file entry36.pdb (PDB, C-alpha atoms)
ATOM      1  CA  MET L   1     -14.047  17.068  -2.399
ATOM      2  CA  LYS L   2     -16.600  17.337  -5.186
ATOM      3  CA  ARG L   3     -16.027  13.727  -6.214
ATOM      4  CA  LEU L   4     -16.319  12.567  -2.612
ATOM      5  CA  GLU L   5     -19.588  14.467  -2.220
ATOM      6  CA  GLU L   6     -20.945  12.749  -5.333
ATOM      7  CA  GLU L   7     -19.784   9.274  -4.320
ATOM      8  CA  ILE L   8     -21.144   9.277  -0.777
ATOM      9  CA  GLY L   9     -24.160  11.502  -1.351
ATOM     10  CA  LEU L  10     -23.366  14.038   1.356
ATOM     11  CA  SER L  11     -22.744  17.744   1.085
ATOM     12  CA  ARG L  12     -19.379  19.235   2.010
ATOM     13  CA  GLY L  13     -20.881  20.588   5.223
ATOM     14  CA  ALA L  14     -22.283  17.198   6.160
ATOM     15  CA  ILE L  15     -18.938  15.547   5.485
ATOM     16  CA  PHE L  16     -17.209  17.994   7.823
ATOM     17  CA  ASN L  17     -19.709  17.184  10.578
ATOM     18  CA  TYR L  18     -17.862  13.864  10.723
ATOM     19  CA  PHE L  19     -14.361  15.237  10.141
ATOM     20  CA  GLY L  20     -13.025  18.432  11.675
ATOM     21  CA  SER L  21     -10.806  19.312   8.732
ATOM     22  CA  LYS L  22      -9.811  18.308   5.250
ATOM     23  CA  ASP L  23      -6.612  16.840   6.731
ATOM     24  CA  SER L  24      -8.610  14.608   9.092
ATOM     25  CA  LEU L  25     -10.785  13.446   6.223
ATOM     26  CA  PHE L  26      -7.885  12.557   3.949
ATOM     27  CA  ILE L  27      -5.951  10.888   6.746
ATOM     28  CA  GLU L  28      -8.990   8.704   7.367
ATOM     29  CA  LEU L  29      -9.292   7.910   3.654
ATOM     30  CA  CYS L  30      -5.597   6.944   3.571
ATOM     31  CA  ARG L  31      -5.984   4.821   6.681
ATOM     32  CA  ARG L  32      -8.905   2.963   5.189
ATOM     33  CA  ASP L  33      -7.087   2.491   1.890
ATOM     34  CA  ASN L  34      -3.998   1.202   3.702
ATOM     35  CA  GLU L  35      -6.189  -1.258   5.618
ATOM     36  CA  ARG L  36      -7.861  -2.367   2.378
ATOM     37  CA  ILE L  37      -4.492  -2.982   0.729
ATOM     38  CA  SER L  38      -3.218  -4.774   3.837
ATOM     39  CA  ASP L  39      -6.320  -6.993   3.874
ATOM     40  CA  LEU L  40      -5.756  -7.799   0.204
ATOM     41  CA  PHE L  41      -2.116  -8.659   0.892
ATOM     42  CA  VAL L  42      -2.952 -10.876   3.864
ATOM     43  CA  GLY L  43      -5.786 -12.641   2.065
ATOM     44  CA  GLY L  44      -4.547 -12.770  -1.511
ATOM     45  CA  GLY L  45      -0.855 -11.970  -1.532
ATOM     46  CA  VAL L  46       1.082  -9.771  -3.894
ATOM     47  CA  GLU L  47      -1.096 -10.651  -6.876
ATOM     48  CA  ALA L  48      -4.247  -9.295  -5.188
ATOM     49  CA  VAL L  49      -2.509  -6.018  -4.316
ATOM     50  CA  LEU L  50      -1.080  -5.672  -7.806
ATOM     51  CA  GLN L  51      -4.523  -6.181  -9.359
ATOM     52  CA  ALA L  52      -6.044  -3.604  -7.004
ATOM     53  CA  ILE L  53      -3.431  -1.029  -7.970
ATOM     54  CA  LEU L  54      -4.113  -1.669 -11.643
ATOM     55  CA  GLU L  55      -7.874  -1.252 -11.135
ATOM     56  CA  VAL L  56      -8.022   1.879  -8.953
ATOM     57  CA  ASP L  57      -8.678   5.242 -10.574
ATOM     58  CA  PRO L  58      -5.272   6.896 -11.061
ATOM     59  CA  ALA L  59      -6.734  10.175  -9.746
ATOM     60  CA  TRP L  60      -6.849   8.617  -6.271
ATOM     61  CA  TYR L  61      -3.129   7.937  -6.451
ATOM     62  CA  GLY L  62      -2.581  11.604  -7.261
ATOM     63  CA  VAL L  63      -4.295  12.503  -3.987
ATOM     64  CA  TYR L  64      -2.332   9.818  -2.189
ATOM     65  CA  LEU L  65       0.964  11.156  -3.566
ATOM     66  CA  GLU L  66       0.067  14.651  -2.380
ATOM     67  CA  LEU L  67      -0.548  13.254   1.074
ATOM     68  CA  THR L  68       2.820  11.493   0.892
ATOM     69  CA  ARG L  69       4.456  14.828   0.075
ATOM     70  CA  ARG L  70       2.777  16.349   3.113
ATOM     71  CA  VAL L  71       4.058  13.504   5.279
ATOM     72  CA  ARG L  72       7.586  14.407   4.188
ATOM     73  CA  THR L  73       7.223  18.134   4.807
ATOM     74  CA  ASP L  74       4.767  18.436   7.723
ATOM     75  CA  GLU L  75       5.777  16.729  10.972
ATOM     76  CA  GLY L  76       2.352  17.085  12.600
ATOM     77  CA  PHE L  77       0.624  15.592   9.588
ATOM     78  CA  ARG L  78       3.191  12.755   9.494
ATOM     79  CA  THR L  79       2.540  11.954  13.165
ATOM     80  CA  LEU L  80      -1.241  11.770  12.615
ATOM     81  CA  LEU L  81      -0.892   9.500   9.600
ATOM     82  CA  GLU L  82       1.710   7.229  11.211
ATOM     83  CA  GLU L  83      -0.429   6.784  14.321
ATOM     84  CA  ARG L  84      -3.286   5.565  12.175
ATOM     85  CA  ALA L  85      -1.082   3.283  10.045
ATOM     86  CA  GLU L  86       0.732   1.664  12.977
ATOM     87  CA  ALA L  87      -1.843  -1.099  13.440
ATOM     88  CA  ILE L  88      -1.343  -2.644   9.999
ATOM     89  CA  ARG L  89       2.454  -2.978  10.149
ATOM     90  CA  PRO L  90       2.448  -6.059  12.418
ATOM     91  CA  VAL L  91      -0.239  -7.711  10.277
ATOM     92  CA  ASN L  92       1.783  -7.212   7.094
ATOM     93  CA  ARG L  93       4.987  -8.349   8.796
ATOM     94  CA  SER L  94       3.228 -11.479  10.032
ATOM     95  CA  ARG L  95       2.009 -12.208   6.473
ATOM     96  CA  ILE L  96       5.571 -11.862   5.147
ATOM     97  CA  GLU L  97       6.976 -14.077   7.909
ATOM     98  CA  GLN L  98       4.363 -16.738   7.150
ATOM     99  CA  ALA L  99       5.164 -16.511   3.429
ATOM    100  CA  GLN L 100       8.828 -17.057   4.291
ATOM    101  CA  ARG L 101       8.003 -20.127   6.401
ATOM    102  CA  ASP L 102       5.795 -21.478   3.607
ATOM    103  CA  GLY L 103       8.497 -20.953   0.979
ATOM    104  CA  GLU L 104       6.454 -18.335  -0.907
ATOM    105  CA  PHE L 105       9.072 -15.660  -0.126
ATOM    106  CA  ARG L 106      12.777 -16.151   0.234
ATOM    107  CA  ASP L 107      14.021 -16.474   3.776
ATOM    108  CA  ASP L 108      17.493 -14.973   3.408
ATOM    109  CA  LEU L 109      16.054 -11.458   3.732
ATOM    110  CA  GLU L 110      14.485  -9.768   6.723
ATOM    111  CA  PRO L 111      10.698  -9.315   6.527
ATOM    112  CA  GLN L 112      11.241  -5.537   6.628
ATOM    113  CA  GLN L 113      13.455  -5.782   3.530
ATOM    114  CA  ILE L 114      10.832  -7.725   1.620
ATOM    115  CA  GLY L 115       8.148  -5.255   2.721
ATOM    116  CA  ALA L 116      10.281  -2.301   1.642
ATOM    117  CA  PHE L 117      10.924  -3.910  -1.741
ATOM    118  CA  LEU L 118       7.240  -4.645  -2.315
ATOM    119  CA  ASN L 119       6.361  -1.095  -1.272
ATOM    120  CA  LEU L 120       8.918   0.264  -3.732
ATOM    121  CA  VAL L 121       7.624  -1.800  -6.645
ATOM    122  CA  LEU L 122       3.930  -1.282  -5.909
ATOM    123  CA  SER L 123       4.348   2.457  -5.219
ATOM    124  CA  GLY L 124       6.277   2.764  -8.472
ATOM    125  CA  LEU L 125       3.387   1.091 -10.264
ATOM    126  CA  ALA L 126       0.979   3.608  -8.728
ATOM    127  CA  VAL L 127       3.196   6.502  -9.845
ATOM    128  CA  LEU L 128       3.250   5.139 -13.405
ATOM    129  CA  ARG L 129      -0.537   5.050 -13.367
ATOM    130  CA  VAL L 130      -0.714   8.683 -12.166
ATOM    131  CA  GLU L 131       1.627   9.685 -14.979
ATOM    132  CA  GLY L 132      -0.601   7.919 -17.507
ATOM    133  CA  GLU L 133       2.095   5.406 -18.415
ATOM    134  CA  GLU L 134       1.178   1.897 -19.447
ATOM    135  CA  PRO L 135       2.506  -0.542 -16.838
ATOM    136  CA  LEU L 136       4.075  -3.864 -17.690
ATOM    137  CA  PRO L 137       1.558  -6.698 -17.956
ATOM    138  CA  SER L 138       0.576  -8.007 -14.522
ATOM    139  CA  GLY L 139       1.849 -11.520 -15.279
ATOM    140  CA  LEU L 140       5.299 -10.176 -16.113
ATOM    141  CA  LEU L 141       5.312  -7.954 -13.018
ATOM    142  CA  LEU L 142       4.436 -10.941 -10.854
ATOM    143  CA  ARG L 143       7.216 -13.032 -12.431
ATOM    144  CA  LEU L 144       9.739 -10.249 -11.831
ATOM    145  CA  ILE L 145       8.621  -9.871  -8.219
ATOM    146  CA  ASP L 146       8.849 -13.629  -7.762
ATOM    147  CA  ASP L 147      12.357 -13.596  -9.265
ATOM    148  CA  ALA L 148      13.342 -10.998  -6.672
ATOM    149  CA  ILE L 149      11.688 -12.347  -3.520
ATOM    150  CA  GLY L 150      10.251 -15.747  -4.407
ATOM    151  CA  GLY L 151      11.185 -18.583  -2.108
ATOM    152  CA  ARG L 152      11.695 -21.291  -4.707
ATOM    153  CA  THR L 153      15.065 -20.042  -5.867
ATOM    154  CA  ARG L 154      16.740 -18.821  -2.696
ATOM    155  CA  ARG L 155      16.540 -20.730   0.535
ATOM    156  CA  ARG L 156      19.013 -20.650   3.366
ATOM    157  CA  PRO L 157      21.179 -23.763   3.441
ATOM    158  CA  GLY L 158      19.661 -26.365   5.714
ATOM    159  CA  ARG L 159      16.200 -24.736   5.645
ATOM    160  CA  THR L 160      13.263 -26.709   4.372
ATOM    161  CA  LYS L 161       9.754 -25.664   3.613
TER
END
call {"tool": "encode", "arguments": {"input": "entry36.pdb", "output": "structure tokens"}}
result
Amino acid sequence: MKRLEEEIGLSRGAIFNYFGSKDSLFIELCRRDNERISDLFVGGGVEAVLQAILEVDPAWYGVYLELTRRVRTDEGFRTLLEERAEAIRPVNRSRIEQAQRDGEFRDDLEPQQIGAFLNLVLSGLAVLRVEGEEPLPSGLLLRLIDDAIGGRTRRRPGRTK
């Protein structure tokens, strides 16, 4: 909270005039961050998201991981967060489907499978940053991701770009 107060220039009381509780505030921060990441993915692909994860203060990911823990253990909290995240799922799915049509992503997997894989890799990168570990170089990470889901190497027989 102290860091948020400093960054936006409002007191704790003023912040809670806009948000009824700390939960509401952090759900809104997560929603906005999810939208930001989704916008990066839609506009710049995996590379843009990877760069953003490498540039964000690891302390934010610590907060985000705590919220993720709450999602797992608190049904009411999970419902609030899922309601706010629902709007970006179709946008991300559409981006993956377009990438499959364009040959950027392989087309022998379901879009949900590619999304789950990317989430796994990118979330793992965020966890490494929280732990203070040095991630693999971004170029190598991108090559490994491309090896896993890139469209150049695995196309369905009879499918063209």
call {"tool": "resolve_selection", "arguments": {"input": "entry36.pdb", "expression": "the PyMOL selection byres ((chain L and resi 53) around 9)", "output": "list in words"}}
result
Ile37, Ala48, Val49, Leu50, Gln51, Ala52, Leu54, Glu55, Val56, Asp57, Pro58, Leu122, Ser123, Leu125, Ala126 and Arg129 of chain L
call {"tool": "atom_distance", "arguments": {"input": "entry36.pdb", "atom1": "CA of Thr68 (chain L)", "atom2": "CA of Phe26 (chain L)"}}
result
11.2 Å
call {"tool": "resolve_selection", "arguments": {"input": "entry36.pdb", "expression": "the PyMOL selection byres ((chain L and resi 94) around 12)", "output": "list of chain:residue names"}}
result
L:Ser38, L:Phe41, L:Val42, L:Ile88, L:Arg89, L:Pro90, L:Val91, L:Asn92, L:Arg93, L:Arg95, L:Ile96, L:Glu97, L:Gln98, L:Ala99, L:Gln100, L:Arg101, L:Glu110, L:Pro111, L:Gln112, L:Ile114, L:Gly115
call {"tool": "closest_residue", "arguments": {"input": "entry36.pdb", "among": "L:Leu10, L:Gly20, L:Asp33, L:Ala59", "to": "Leu128 (chain L)", "atoms": "all atoms listed in the file"}}
result
L:Ala59
call {"tool": "resolve_selection", "arguments": {"input": "entry36.pdb", "expression": "the PyMOL selection byres ((chain L and resi 29) around 12)", "output": "JSON, numbers by chain"}}
result
{"L": [1, 4, 19, 22, 23, 24, 25, 26, 27, 28, 30, 31, 32, 33, 34, 35, 36, 60, 61, 63, 64, 67, 81, 84, 85]}
call {"tool": "write_last_selection", "arguments": {"input": "entry36.pdb", "atoms": "C-alpha atoms", "output": "mmCIF file, in the coordinates of the input"}}
result
data_model
loop_
_atom_site.group_PDB
_atom_site.id
_atom_site.type_symbol
_atom_site.label_atom_id
_atom_site.label_comp_id
_atom_site.auth_asym_id
_atom_site.auth_seq_id
_atom_site.Cartn_x
_atom_site.Cartn_y
_atom_site.Cartn_z
ATOM 1 C CA MET L 1 -14.047 17.068 -2.399
ATOM 2 C CA LEU L 4 -16.319 12.567 -2.612
ATOM 3 C CA PHE L 19 -14.361 15.237 10.141
ATOM 4 C CA LYS L 22 -9.811 18.308 5.250
ATOM 5 C CA ASP L 23 -6.612 16.840 6.731
ATOM 6 C CA SER L 24 -8.610 14.608 9.092
ATOM 7 C CA LEU L 25 -10.785 13.446 6.223
ATOM 8 C CA PHE L 26 -7.885 12.557 3.949
ATOM 9 C CA ILE L 27 -5.951 10.888 6.746
ATOM 10 C CA GLU L 28 -8.990 8.704 7.367
ATOM 11 C CA CYS L 30 -5.597 6.944 3.571
ATOM 12 C CA ARG L 31 -5.984 4.821 6.681
ATOM 13 C CA ARG L 32 -8.905 2.963 5.189
ATOM 14 C CA ASP L 33 -7.087 2.491 1.890
ATOM 15 C CA ASN L 34 -3.998 1.202 3.702
ATOM 16 C CA GLU L 35 -6.189 -1.258 5.618
ATOM 17 C CA ARG L 36 -7.861 -2.367 2.378
ATOM 18 C CA TRP L 60 -6.849 8.617 -6.271
ATOM 19 C CA TYR L 61 -3.129 7.937 -6.451
ATOM 20 C CA VAL L 63 -4.295 12.503 -3.987
ATOM 21 C CA TYR L 64 -2.332 9.818 -2.189
ATOM 22 C CA LEU L 67 -0.548 13.254 1.074
ATOM 23 C CA LEU L 81 -0.892 9.500 9.600
ATOM 24 C CA ARG L 84 -3.286 5.565 12.175
ATOM 25 C CA ALA L 85 -1.082 3.283 10.045
#
call {"tool": "atom_distance", "arguments": {"input": "entry36.pdb", "atom1": "CA of Arg143 (chain L)", "atom2": "CA of Val130 (chain L)"}}
result
23.1 Å
call {"tool": "atom_distance", "arguments": {"input": "entry36.pdb", "atom1": "CA of Phe77 (chain L)", "atom2": "CA of Asn119 (chain L)"}}
result
20.7 Å
call {"tool": "closest_residue", "arguments": {"input": "entry36.pdb", "among": "L:Gly44, L:Gly103, L:Gln113, L:Glu82", "to": "Gly150 (chain L)", "atoms": "all atoms listed in the file"}}
result
L:Gly103
call {"tool": "closest_residue", "arguments": {"input": "entry36.pdb", "among": "L:Val127, L:Leu80, L:Leu109, L:Val46", "to": "Asp146 (chain L)", "atoms": "only C-alpha atoms"}}
result
L:Val46
call {"tool": "closest_residue", "arguments": {"input": "entry36.pdb", "among": "L:Ser21, L:Asp39, L:Glu83, L:Ile145", "to": "Val121 (chain L)", "atoms": "only C-alpha atoms"}}
result
L:Ile145
call {"tool": "decode", "arguments": {"input": "entry36.pdb", "residues": "region 129-150 of chain L", "atoms": "N, CA and C atoms", "output": "compact mmCIF listing (two decimals), in the first residue's frame"}}
result
# COMPACT_ATOMS: atom_id res chain seq x y z
N ARG L 129 11.81 -14.67 -11.40
CA ARG L 129 12.16 -13.29 -11.07
C ARG L 129 11.89 -12.98 -9.61
N VAL L 130 10.75 -13.49 -9.08
CA VAL L 130 10.42 -13.27 -7.66
C VAL L 130 11.49 -13.91 -6.78
N GLU L 131 11.94 -15.08 -7.19
CA GLU L 131 12.95 -15.80 -6.40
C GLU L 131 14.34 -15.20 -6.52
N GLY L 132 14.51 -14.23 -7.42
CA GLY L 132 15.81 -13.60 -7.61
C GLY L 132 16.73 -14.39 -8.52
N GLU L 133 16.19 -15.37 -9.21
CA GLU L 133 16.99 -16.18 -10.13
C GLU L 133 17.19 -15.44 -11.44
N GLU L 134 18.30 -15.70 -12.07
CA GLU L 134 18.59 -15.11 -13.37
C GLU L 134 17.92 -15.96 -14.44
N PRO L 135 17.00 -15.37 -15.21
CA PRO L 135 16.34 -16.16 -16.26
C PRO L 135 17.28 -16.42 -17.43
N LEU L 136 16.91 -17.35 -18.27
CA LEU L 136 17.64 -17.57 -19.51
C LEU L 136 17.56 -16.30 -20.35
N PRO L 137 18.52 -16.08 -21.22
CA PRO L 137 18.44 -14.90 -22.10
C PRO L 137 17.15 -14.93 -22.92
N SER L 138 16.58 -13.75 -23.17
CA SER L 138 15.29 -13.68 -23.85
C SER L 138 15.33 -14.31 -25.23
N GLY L 139 16.43 -14.16 -25.95
CA GLY L 139 16.54 -14.77 -27.28
C GLY L 139 16.43 -16.29 -27.22
N LEU L 140 17.08 -16.88 -26.22
CA LEU L 140 17.01 -18.33 -26.06
C LEU L 140 15.61 -18.76 -25.65
N LEU L 141 14.99 -18.01 -24.73
CA LEU L 141 13.61 -18.33 -24.34
C LEU L 141 12.68 -18.29 -25.54
N LEU L 142 12.83 -17.28 -26.37
CA LEU L 142 11.98 -17.17 -27.56
C LEU L 142 12.21 -18.34 -28.52
N ARG L 143 13.47 -18.75 -28.69
CA ARG L 143 13.75 -19.89 -29.56
C ARG L 143 13.13 -21.17 -29.01
N LEU L 144 13.21 -21.35 -27.69
CA LEU L 144 12.62 -22.55 -27.08
C LEU L 144 11.10 -22.55 -27.21
N ILE L 145 10.49 -21.38 -27.02
CA ILE L 145 9.04 -21.28 -27.18
C ILE L 145 8.68 -21.57 -28.63
N ASP L 146 9.44 -21.01 -29.56
CA ASP L 146 9.17 -21.26 -30.97
C ASP L 146 9.34 -22.74 -31.31
N ASP L 147 10.34 -23.38 -30.73
CA ASP L 147 10.51 -24.83 -30.95
C ASP L 147 9.28 -25.60 -30.47
N ALA L 148 8.66 -25.13 -29.41
CA ALA L 148 7.51 -25.84 -28.85
C ALA L 148 6.21 -25.55 -29.60
N ILE L 149 5.98 -24.30 -29.96
CA ILE L 149 4.67 -23.95 -30.55
C ILE L 149 4.76 -23.27 -31.89
N GLY L 150 5.97 -23.06 -32.39
CA GLY L 150 6.13 -22.36 -33.67
C GLY L 150 5.52 -23.13 -34.82
